[in-house]
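Source file target-v6.txt; content: compact mmCIF, C-alpha atoms.
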```txt
# COMPACT_ATOMS: atom_id res chain seq x y z
CA MET E 24 0.00 0.00 0.00
CA SER E 25 1.54 3.30 -0.99
CA PRO E 26 -0.88 6.14 -0.43
CA THR E 27 -0.13 9.24 -2.43
CA ILE E 28 0.89 12.13 -0.25
CA ASP E 29 -1.73 14.81 0.12
CA SER E 30 -0.10 17.87 1.55
CA THR E 31 -3.40 19.32 2.79
CA ILE E 32 -3.57 16.86 5.66
CA PRO E 33 -1.28 17.88 8.48
CA ASP E 34 0.50 15.64 10.96
CA LEU E 35 0.13 15.07 14.64
CA GLN E 36 3.40 15.68 16.44
CA VAL E 37 4.05 14.79 20.03
CA ILE E 38 7.31 16.23 21.33
CA ASN E 39 8.88 15.14 24.61
CA ALA E 40 5.53 14.68 26.25
CA VAL E 41 5.54 14.03 29.97
CA VAL E 42 2.34 13.41 31.88
CA THR E 43 1.90 13.34 35.61
CA ARG E 44 -0.61 11.89 37.97
CA SER E 45 -0.59 13.25 41.52
CA ASP E 46 2.96 14.60 41.12
CA LEU E 47 4.23 11.31 39.73
CA GLU E 48 5.92 11.46 36.35
CA LEU E 49 4.46 8.38 34.69
CA PHE E 50 6.81 7.54 31.82
CA GLU E 51 9.98 8.70 30.14
CA PRO E 52 9.42 11.63 27.75
CA VAL E 53 7.73 10.45 24.59
CA SER E 54 8.00 11.83 21.08
CA PHE E 55 6.37 10.64 17.91
CA ASN E 56 4.88 11.80 14.65
CA CYS E 57 1.73 10.44 13.19
CA THR E 58 1.43 11.07 9.47
CA ARG E 59 -1.18 10.09 6.93
CA GLY E 60 -1.49 6.39 6.36
CA GLN E 61 0.14 5.55 9.66
CA VAL E 62 -0.95 3.75 12.79
CA ILE E 63 0.76 4.51 16.09
CA HIS E 64 0.22 1.63 18.46
CA MET E 65 0.95 2.61 22.06
CA VAL E 66 1.95 -0.28 24.25
CA GLY E 67 3.02 -0.53 27.84
CA GLN E 68 2.08 -2.23 31.04
CA ASN E 69 -1.06 -1.39 33.02
CA GLY E 70 -0.84 1.95 34.73
CA VAL E 71 2.04 3.22 32.63
CA GLY E 72 -0.10 6.13 31.46
CA LYS E 73 -1.45 5.22 28.03
CA THR E 74 -4.91 6.55 28.75
CA THR E 75 -3.51 9.61 30.48
CA LEU E 76 -1.34 10.36 27.45
CA MET E 77 -4.30 9.79 25.16
CA ARG E 78 -6.44 12.21 27.14
CA SER E 79 -3.61 14.74 27.01
CA ILE E 80 -3.45 14.37 23.23
CA CYS E 81 -7.16 15.17 23.20
CA GLY E 82 -6.45 18.28 25.25
CA PHE E 83 -8.59 17.16 28.19
CA ARG E 84 -5.63 17.46 30.52
CA VAL E 85 -2.54 19.59 30.40
CA LEU E 86 0.86 18.04 29.73
CA HIS E 87 3.40 18.47 32.47
CA SER E 88 5.97 19.31 29.85
CA GLY E 89 6.36 18.87 26.12
CA GLN E 90 4.17 19.79 23.23
CA ILE E 91 1.42 18.36 21.10
CA LEU E 92 1.18 19.97 17.70
CA TRP E 93 -1.28 19.68 14.87
CA ASP E 94 -0.27 21.36 11.65
CA ASN E 95 2.69 22.80 13.61
CA LYS E 96 0.37 24.60 16.01
CA ASP E 97 -0.31 23.68 19.61
CA ILE E 98 -3.57 21.78 19.95
CA GLU E 99 -4.80 23.99 22.75
CA LYS E 100 -7.70 26.03 21.37
CA ASN E 101 -6.72 24.75 17.92
CA LYS E 102 -10.16 24.19 16.43
CA ASN E 103 -8.55 22.82 13.30
CA PHE E 104 -7.20 19.89 15.30
CA TYR E 105 -10.54 19.13 16.92
CA LEU E 106 -12.43 19.29 13.65
CA ASN E 107 -10.03 16.83 12.04
CA SER E 108 -9.96 14.25 14.79
CA ALA E 109 -12.30 11.82 16.47
CA TYR E 110 -11.80 10.29 19.89
CA LEU E 111 -12.97 7.01 21.32
CA GLY E 112 -12.24 6.66 25.01
CA HIS E 113 -13.12 4.08 27.63
CA ARG E 114 -16.60 5.54 27.70
CA ASP E 115 -18.43 4.83 24.48
CA ALA E 116 -20.02 8.29 24.38
CA HIS E 117 -23.52 7.10 23.62
CA SER E 118 -26.26 8.32 25.87
CA PRO E 119 -28.08 5.35 27.46
CA LEU E 120 -31.35 7.22 27.03
CA GLN E 121 -31.18 7.15 23.23
CA THR E 122 -31.53 4.32 20.76
CA ALA E 123 -28.54 3.31 18.65
CA TRP E 124 -29.97 5.08 15.62
CA GLU E 125 -30.83 8.24 17.53
CA SER E 126 -27.39 8.41 19.01
CA LEU E 127 -25.70 8.17 15.61
CA HIS E 128 -28.16 10.69 14.18
CA PHE E 129 -27.31 13.07 17.00
CA TYR E 130 -23.59 12.79 16.24
CA GLN E 131 -24.17 13.06 12.51
CA GLN E 132 -25.83 16.41 13.03
CA LEU E 133 -23.03 17.57 15.28
CA TYR E 134 -20.28 16.49 12.90
CA THR E 135 -21.84 17.43 9.58
CA PRO E 136 -25.00 19.46 10.04
CA GLY E 137 -27.48 18.81 7.26
CA ALA E 138 -26.06 15.39 6.38
CA ASN E 139 -28.37 12.75 4.99
CA LYS E 140 -29.87 10.60 7.72
CA GLY E 141 -30.24 7.80 5.19
CA ASP E 142 -26.50 7.20 5.66
CA ILE E 143 -27.01 5.86 9.15
CA ASP E 144 -28.70 2.55 8.34
CA PRO E 145 -25.94 1.35 5.96
CA LEU E 146 -23.42 2.26 8.63
CA LEU E 147 -25.25 0.25 11.29
CA ASN E 148 -25.45 -2.59 8.80
CA LYS E 149 -21.71 -2.43 8.22
CA LEU E 150 -21.15 -3.04 11.91
CA ASP E 151 -23.84 -5.74 12.21
CA LEU E 152 -26.00 -3.49 14.33
CA LEU E 153 -28.94 -2.91 12.00
CA ALA E 154 -31.19 -5.23 14.03
CA GLN E 155 -30.38 -3.11 17.10
CA ALA E 156 -31.11 0.24 15.43
CA ASP E 157 -34.15 0.94 17.58
CA VAL E 158 -32.83 -0.68 20.73
CA SER E 159 -31.94 1.65 23.56
CA VAL E 160 -28.16 1.97 23.99
CA ASP E 161 -28.67 0.87 27.57
CA HIS E 162 -29.79 -2.56 26.36
CA LEU E 163 -26.87 -3.17 23.99
CA SER E 164 -24.12 -5.53 25.06
CA PHE E 165 -20.69 -4.20 25.91
CA GLY E 166 -19.25 -5.28 22.56
CA GLN E 167 -22.19 -3.86 20.64
CA LYS E 168 -21.73 -0.51 22.32
CA ARG E 169 -18.10 -0.59 21.28
CA LYS E 170 -19.08 -1.29 17.70
CA LEU E 171 -21.57 1.54 17.82
CA ALA E 172 -18.72 3.79 18.90
CA ILE E 173 -16.71 2.65 15.86
CA ALA E 174 -19.73 3.56 13.72
CA ARG E 175 -19.54 7.03 15.21
CA LEU E 176 -15.90 7.32 14.10
CA LEU E 177 -16.86 6.43 10.55
CA LEU E 178 -19.68 8.94 10.69
CA SER E 179 -17.33 11.70 11.77
CA GLU E 180 -15.30 11.43 8.54
CA ARG E 181 -12.31 12.70 10.48
CA LYS E 182 -8.71 12.01 9.44
CA LEU E 183 -7.14 11.37 12.82
CA TRP E 184 -8.64 8.71 15.05
CA LEU E 185 -7.57 8.64 18.70
CA LEU E 186 -8.64 5.28 20.07
CA ASP E 187 -8.26 4.02 23.60
CA GLU E 188 -8.73 0.23 23.72
CA PRO E 189 -11.08 0.07 20.74
CA PHE E 190 -11.36 -3.72 20.86
CA SER E 191 -12.34 -4.15 24.48
CA GLY E 192 -15.39 -6.38 24.76
CA VAL E 193 -15.56 -7.05 21.02
CA ASP E 194 -15.76 -10.67 19.79
CA ARG E 195 -13.39 -12.17 17.21
CA ALA E 196 -15.60 -11.46 14.21
CA GLY E 197 -16.11 -7.92 15.39
CA ARG E 198 -12.41 -7.50 15.87
CA GLU E 199 -11.71 -8.56 12.29
CA LEU E 200 -14.43 -6.20 11.11
CA ILE E 201 -12.96 -3.29 13.03
CA GLU E 202 -9.44 -4.03 11.81
CA ASN E 203 -10.78 -4.01 8.26
CA ILE E 204 -12.37 -0.64 8.93
CA PHE E 205 -8.98 0.58 10.17
CA VAL E 206 -7.32 -0.66 6.96
CA GLN E 207 -9.87 1.27 4.89
CA HIS E 208 -9.33 4.35 7.00
CA ILE E 209 -5.56 4.15 6.64
CA SER E 210 -5.72 3.56 2.89
CA SER E 211 -7.85 6.66 2.51
CA MET E 212 -5.07 8.78 4.05
CA GLY E 213 -6.36 8.51 7.58
CA MET E 214 -4.21 8.17 10.67
CA ILE E 215 -4.77 6.29 13.87
CA VAL E 216 -3.25 6.55 17.33
CA LEU E 217 -4.41 3.63 19.43
CA THR E 218 -3.74 1.81 22.64
CA ASN E 219 -4.48 -1.87 22.71
CA HIS E 220 -3.40 -4.86 24.70
CA GLY E 221 -2.53 -7.75 22.44
CA ARG E 222 -1.38 -7.59 18.88
CA LEU E 223 -3.16 -6.35 15.82
CA GLN E 224 -3.76 -9.25 13.47
CA ASN E 225 -4.62 -7.85 10.07
CA SER E 226 -1.47 -8.15 7.94
CA GLN E 227 -2.35 -5.13 5.80
CA LEU E 228 -2.75 -3.07 8.93
CA LEU E 229 0.47 -4.35 10.46
CA GLY E 230 2.37 -2.91 7.50
CA CYS E 231 1.47 0.61 8.62
CA VAL E 232 1.89 0.19 12.36
CA SER E 233 4.64 1.80 14.38
CA GLU E 234 4.82 0.55 17.90
CA LEU E 235 5.48 3.05 20.62
CA GLU E 236 6.41 1.60 23.95
CA LEU E 237 5.93 3.61 27.09
CA PHE E 238 8.41 2.80 29.86
CA GLN E 239 7.47 3.12 33.46
CA HIS E 240 9.30 5.94 35.09
CA ASN E 241 7.46 7.01 38.25
CA ILE E 242 9.65 9.83 39.41
CA MET E 243 8.29 12.07 42.13
CA LEU E 244 8.38 15.64 40.96
CA LYS E 245 8.37 17.38 44.30
CA GLU E 246 10.48 16.36 47.20
CA LEU E 247 8.28 17.14 50.13
CA MET O 13 -25.71 28.43 15.94
CA THR O 14 -29.38 28.82 16.80
CA SER O 15 -30.29 25.52 15.23
CA THR O 16 -27.50 23.75 17.15
CA LEU O 17 -28.79 25.22 20.39
CA TYR O 18 -32.32 24.23 19.53
CA ARG O 19 -31.30 20.69 18.64
CA LEU O 20 -29.36 20.27 21.86
CA PHE O 21 -32.27 21.69 23.79
CA LEU O 22 -34.73 19.24 22.20
CA ARG O 23 -32.39 16.33 22.86
CA ASP O 24 -32.11 17.26 26.54
CA CYS O 25 -35.86 17.72 26.88
CA LYS O 26 -36.39 14.30 25.36
CA HIS O 27 -33.91 12.80 27.82
CA HIS O 28 -35.70 14.36 30.77
CA LEU O 29 -39.01 13.06 29.48
CA ARG O 30 -37.61 9.56 29.09
CA LYS O 31 -36.15 9.62 32.56
CA GLN O 32 -39.30 10.74 34.28
CA SER O 33 -37.85 10.61 37.76
CA ASP O 34 -35.90 13.73 36.71
CA ILE O 35 -39.15 15.68 36.46
CA LEU O 36 -41.44 13.94 38.92
CA ASN O 37 -39.13 13.65 41.92
CA PRO O 38 -38.45 17.38 42.35
CA LEU O 39 -42.09 18.17 41.64
CA CYS O 40 -43.39 15.73 44.27
CA PHE O 41 -40.74 17.02 46.67
CA PHE O 42 -41.98 20.57 46.07
CA VAL O 43 -45.62 19.66 46.74
CA ILE O 44 -44.74 17.69 49.87
CA ILE O 45 -42.59 20.40 51.48
CA CYS O 46 -45.28 22.98 50.77
CA SER O 47 -47.90 20.76 52.37
CA LEU O 48 -45.85 19.96 55.46
CA PHE O 49 -45.62 23.52 56.78
CA PRO O 50 -49.34 24.03 57.50
CA LEU O 51 -49.39 20.61 59.19
CA GLY O 52 -46.45 21.47 61.41
CA LEU O 53 -47.44 25.05 62.25
CA SER O 54 -51.14 25.73 62.38
CA ALA O 55 -54.03 26.27 60.05
CA ASP O 56 -54.27 29.91 61.18
CA ARG O 57 -55.22 32.00 58.15
CA GLU O 58 -53.16 35.07 59.10
CA LEU O 59 -50.03 33.07 59.84
CA LEU O 60 -50.20 31.01 56.65
CA ASN O 61 -50.69 34.13 54.57
CA THR O 62 -47.62 35.72 56.17
CA ILE O 63 -45.29 32.76 55.62
CA GLY O 64 -46.85 31.48 52.36
CA GLY O 65 -44.62 33.34 49.89
CA GLY O 66 -41.44 32.46 51.74
CA VAL O 67 -42.33 28.80 52.15
CA ILE O 68 -43.19 28.35 48.49
CA TRP O 69 -39.99 30.09 47.43
CA VAL O 70 -37.81 27.98 49.72
CA SER O 71 -39.56 24.83 48.47
CA VAL O 72 -38.79 25.85 44.90
CA LEU O 73 -35.13 26.47 45.78
CA LEU O 74 -34.75 23.08 47.44
CA SER O 75 -36.57 21.19 44.71
CA MET O 76 -34.40 22.79 42.05
CA MET O 77 -31.29 21.80 44.01
CA MET O 78 -32.39 18.18 43.72
CA GLY O 79 -32.42 18.23 39.96
CA LEU O 80 -29.35 20.44 39.49
CA ASN O 81 -26.95 17.68 40.41
CA GLN O 82 -28.15 15.69 37.41
CA ILE O 83 -28.09 18.26 34.64
CA PHE O 84 -24.65 17.42 33.27
CA ARG O 85 -24.04 14.10 34.99
CA ASP O 86 -25.65 11.71 32.51
CA ASP O 87 -23.71 13.08 29.56
CA TYR O 88 -20.54 13.33 31.60
CA GLU O 89 -20.69 9.72 32.73
CA ALA O 90 -21.57 8.43 29.28
CA GLY O 91 -18.58 10.31 27.84
CA VAL O 92 -20.74 12.46 25.59
CA LEU O 93 -19.58 15.72 27.14
CA GLU O 94 -15.99 15.32 26.00
CA GLN O 95 -17.15 14.61 22.46
CA PHE O 96 -18.53 18.13 22.13
CA LEU O 97 -14.95 19.39 22.02
CA PHE O 98 -14.57 17.62 18.69
CA THR O 99 -17.46 19.43 17.06
CA HIS O 100 -18.40 22.96 16.06
CA THR O 101 -20.55 23.14 19.18
CA THR O 102 -19.04 24.97 22.12
CA LEU O 103 -19.49 23.88 25.71
CA THR O 104 -21.17 27.24 26.33
CA GLN O 105 -23.92 26.29 23.90
CA VAL O 106 -24.17 22.87 25.50
CA ALA O 107 -24.50 24.43 28.94
CA LEU O 108 -27.09 26.94 27.77
CA ALA O 109 -29.22 24.24 26.12
CA LYS O 110 -29.07 22.03 29.18
CA ILE O 111 -29.95 24.87 31.54
CA ALA O 112 -32.91 25.82 29.36
CA ALA O 113 -34.17 22.23 29.19
CA PHE O 114 -33.72 21.88 32.93
CA TRP O 115 -35.68 25.06 33.55
CA CYS O 116 -38.53 24.04 31.24
CA LEU O 117 -38.97 20.64 32.82
CA SER O 118 -38.28 21.36 36.46
CA ALA O 119 -39.00 25.02 37.20
CA LEU O 120 -41.89 25.55 34.80
CA PRO O 121 -44.10 22.78 36.29
CA MET O 122 -43.51 24.29 39.74
CA ILE O 123 -44.49 27.76 38.52
CA ILE O 124 -47.66 26.24 37.11
CA LEU O 125 -48.39 24.49 40.41
CA ALA O 126 -47.57 27.58 42.47
CA PRO O 127 -51.15 29.01 42.40
CA VAL O 128 -52.47 25.75 43.87
CA MET O 129 -49.93 25.91 46.65
CA GLY O 130 -50.63 29.62 47.08
CA THR O 131 -54.31 28.93 47.61
CA ALA O 132 -53.42 26.50 50.36
CA TYR O 133 -51.66 29.39 52.12
CA HIS O 134 -54.65 31.73 51.59
CA LEU O 135 -52.68 34.04 49.30
CA ASN O 136 -54.95 36.49 47.51
CA GLY O 137 -55.13 36.93 43.74
CA ASP O 138 -52.53 39.72 43.57
CA GLN O 139 -50.14 37.80 45.74
CA ILE O 140 -50.44 34.70 43.57
CA LEU O 141 -49.87 36.76 40.44
CA VAL O 142 -46.78 38.38 41.94
CA LEU O 143 -45.56 35.01 43.19
CA MET O 144 -45.77 33.60 39.68
CA MET O 145 -44.10 36.62 38.13
CA GLY O 146 -41.33 36.42 40.69
CA LEU O 147 -40.81 32.72 40.08
CA THR O 148 -40.77 33.24 36.34
CA LEU O 149 -38.02 35.85 36.64
CA GLY O 150 -36.18 34.19 39.52
CA THR O 151 -35.97 30.53 38.61
CA PRO O 152 -33.86 31.07 35.46
CA THR O 153 -31.31 32.80 37.70
CA LEU O 154 -31.37 29.82 40.03
CA ALA O 155 -30.86 27.41 37.14
CA LEU O 156 -28.03 29.51 35.68
CA LEU O 157 -26.16 29.97 38.96
CA GLY O 158 -26.80 26.37 39.92
CA SER O 159 -25.31 25.13 36.68
CA ILE O 160 -21.94 26.61 37.67
CA GLY O 161 -22.00 24.58 40.87
CA ALA O 162 -23.21 21.47 39.06
CA ALA O 163 -20.33 21.71 36.61
CA LEU O 164 -17.78 22.37 39.36
CA THR O 165 -18.83 19.30 41.35
CA LEU O 166 -19.17 17.06 38.32
CA ASN O 167 -16.14 14.88 38.88
CA LEU O 168 -16.84 14.33 42.55
CA LYS O 169 -18.52 11.08 43.51
CA ASN O 170 -20.81 12.62 46.13
CA GLY O 171 -21.04 16.18 44.94
CA GLY O 172 -24.67 16.66 45.94
CA VAL O 173 -24.14 18.09 49.41
CA LEU O 174 -21.16 20.18 48.36
CA LEU O 175 -23.26 21.56 45.53
CA ALA O 176 -25.94 22.63 48.01
CA ILE O 177 -23.39 24.28 50.30
CA LEU O 178 -21.78 26.03 47.36
CA ILE O 179 -24.91 27.24 45.63
CA LEU O 180 -27.68 27.81 48.19
CA PRO O 181 -26.02 30.95 49.63
CA LEU O 182 -25.92 32.40 46.11
CA PHE O 183 -29.66 31.90 45.86
CA ALA O 184 -30.24 34.26 48.81
CA PRO O 185 -30.80 37.50 46.83
CA VAL O 186 -33.38 35.84 44.57
CA LEU O 187 -35.16 34.43 47.61
CA ILE O 188 -35.16 37.78 49.42
CA PHE O 189 -36.62 39.72 46.49
CA GLY O 190 -38.99 36.95 45.43
CA ALA O 191 -40.50 36.21 48.83
CA GLY O 192 -40.37 39.88 49.83
CA MET O 193 -42.49 40.75 46.85
CA VAL O 194 -45.31 38.44 47.93
CA SER O 195 -45.53 39.94 51.41
CA ALA O 196 -45.15 43.51 50.08
CA VAL O 197 -48.09 43.13 47.74
CA GLY O 198 -50.08 41.64 50.64
CA MET O 199 -49.54 44.92 52.49
CA GLY O 200 -50.52 46.90 49.43
CA LEU O 201 -46.98 48.12 48.63
CA PRO O 202 -45.58 48.45 45.09
CA VAL O 203 -43.22 45.71 43.89
CA ASN O 204 -41.66 47.36 40.84
CA ALA O 205 -38.25 47.57 42.43
CA GLN O 206 -38.10 43.86 43.33
CA LEU O 207 -39.32 42.87 39.89
CA SER O 208 -36.65 45.00 38.23
CA LEU O 209 -33.98 43.57 40.48
CA LEU O 210 -35.05 39.98 39.76
CA GLY O 211 -34.96 40.80 36.06
CA ALA O 212 -31.52 42.35 36.40
CA LEU O 213 -30.25 39.30 38.26
CA MET O 214 -31.61 37.05 35.53
CA PHE O 215 -29.96 38.94 32.70
CA GLY O 216 -26.77 39.32 34.68
CA SER O 217 -26.48 35.62 35.31
CA LEU O 218 -27.57 34.82 31.75
CA SER O 219 -24.67 36.83 30.40
CA LEU O 220 -22.04 35.37 32.74
CA ALA O 221 -23.05 31.95 34.03
CA PRO O 222 -22.91 29.95 30.76
CA PHE O 223 -19.27 30.94 30.30
CA ALA O 224 -18.32 30.06 33.86
CA THR O 225 -20.16 26.77 33.49
CA SER O 226 -18.45 25.88 30.24
CA PHE O 227 -15.08 26.61 31.82
CA ALA O 228 -15.91 24.34 34.75
CA LEU O 229 -17.15 21.65 32.36
CA LYS O 230 -13.88 21.76 30.45
CA ASN O 231 -12.02 21.37 33.73
CA SER O 232 -14.10 18.38 34.74
CA LEU O 233 -12.71 16.43 31.77
CA ASP O 234 -9.27 16.41 33.36
CA TYR O 235 -9.27 13.05 35.10
```

For the file at hand, write its structure as structure tokens.
Amino acid sequence: MSPTIDSTIPDLQVINAVVTRSDLELFEPVSFNCTRGQVIHMVGQNGVGKTTLMRSICGFRVLHSGQILWDNKDIEKNKNFYLNSAYLGHRDAHSPLQTAWESLHFYQQLYTPGANKGDIDPLLNKLDLLAQADVSVDHLSFGQKRKLAIARLLLSERKLWLLDEPFSGVDRAGRELIENIFVQHISSMGMIVLTNHGRLQNSQLLGCVSELELFQHNIMLKEL
Amino acid sequence: MTSTLYRLFLRDCKHHLRKQSDILNPLCFFVIICSLFPLGLSADRELLNTIGGGVIWVSVLLSMMMGLNQIFRDDYEAGVLEQFLFTHTTLTQVALAKIAAFWCLSALPMIILAPVMGTAYHLNGDQILVLMMGLTLGTPTLALLGSIGAALTLNLKNGGVLLAILILPLFAPVLIFGAGMVSAVGMGLPVNAQLSLLGALMFGSLSLAPFATSFALKNSLDY
């Protein structure tokens, strides 16, 4: 796979990022670039700070030191970054009071106001959720909720996907399906930063993956 | 922008309607507190008329406190709140829509029930009218100020009590003008000043509170 370079899509750059949790520096400073057609796979033992780093990349928390740049500009208040990325965290981000279809329709209107709501059914079908379209999110299984969250990513049509444990709770068939969706995303110039325990299996996907290992560090910042 | 606000508002209203305990609990609470006072004090007409306005206002304050804790919590816990950062929608718009939906489905039913409660306290027609006007102008202020507290206590496990401690003192001016108005009109005094002040408080908090709330919401995502 050799995607042609499209210079209009900028890169995500993480430079010497250090995150802290209650004054504890979690891992050694981390730097990486994520460019189009690339998957960054963050690995590291439990508690090393993968989720914390991911939430910092989203701008939810402030880095202790280092920089996160999109299009060479800091992501803080950088609307351009937020409108080009989609995030899937531990929480699936679907309101339990809505049905699967309603939830996707809600996001569709947020992402692309005025989009055609006829696009939602094919999307649900793609993720084997069409039968659950009118089921309340509350009544979906854990894996189904996860797949619904993947449907939301597709709906967003964003270039950069930030995924925290996207496969958790998903069965083997679902996993293959999601990896195929990743391959499609990557081949259409997308980029993915993901954390995941266990290896990715799709060989096409593996060709684009760079592994990034976080090493436990745990240095106290303040000597009290 | 308007259509986004409207869509968010409709979504929140629908959520409240699906989770009926959100609407019914505070409303029942309101009716019960209002009914307990005459039972505990006396059925004396004069006395009830004197305390009526104050009791109804305090009941409204407390009932609104009950619902306030929930206004952002469902979306926060589902992870929907953080997704708004990735859209054109600002957290200020989100806050405004949620406050409006909260007001429509928790304060508005109480305003509609207020005349019934007022009758129980032997309030006369003018007093009931002024009570309703006061509540209409005052409750949006309560919802707006309360939303700041709700957002600030969002990532606490048991934020409910802290929210009450934080926010109830801020409700004092609204209570003073609102309840004062009912007794003033009972004595035949004009209430223009109180009405203007309640209006001023409402517009003041409308212009500031959504921004403070959105800032607190952004902060709550840092966990």

>> Could you check the closest approach to O:Ala107 for each of O:Leu187, O:Ala224, O:Ala132, O:Met122 and tell me which residue wins, using all atoms listed in the file?
In response: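 Under the stated criterion, the closest residue is O:Ala224.
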
Item to complete: Identify, on the basis of all atoms listed in the file, every residue whose closest approach to O:Ser208 does not exceed 12 Å; exclude the query and any residue fewer than 5 positions from it along the same chain; express the result as an MDAnalysis selection string.
Response: chainID O and resid 145:146 149:150 186 189:190 193 202:203 213:216

Contacts of stretch 109-116 of chain E within 8 Å, only C-alpha atoms, excl. fewer than 5 positions in-chain, as JSON, numbers by chain:
{"E": [81, 168, 169, 172, 173, 176, 179, 181, 182, 183, 184, 185, 186, 187, 188, 189], "O": [87, 89, 90, 91, 92, 93, 95, 98]}

Checklist entry - How many Å lie between atom CA of O:Cys46 and atom CA of O:Gly66, rounded to one decimal? => result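 Computing the Euclidean distance for atom CA of O:Cys46 and atom CA of O:Gly66 yields 10.3 Å.
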
### Query
Which is closer to chain E than all the others in O:Ile140, O:Met129, O:Ile35, O:Leu233, using all atoms listed in the file?
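Checking each candidate against chain E, we get O:Leu233 as the closest.
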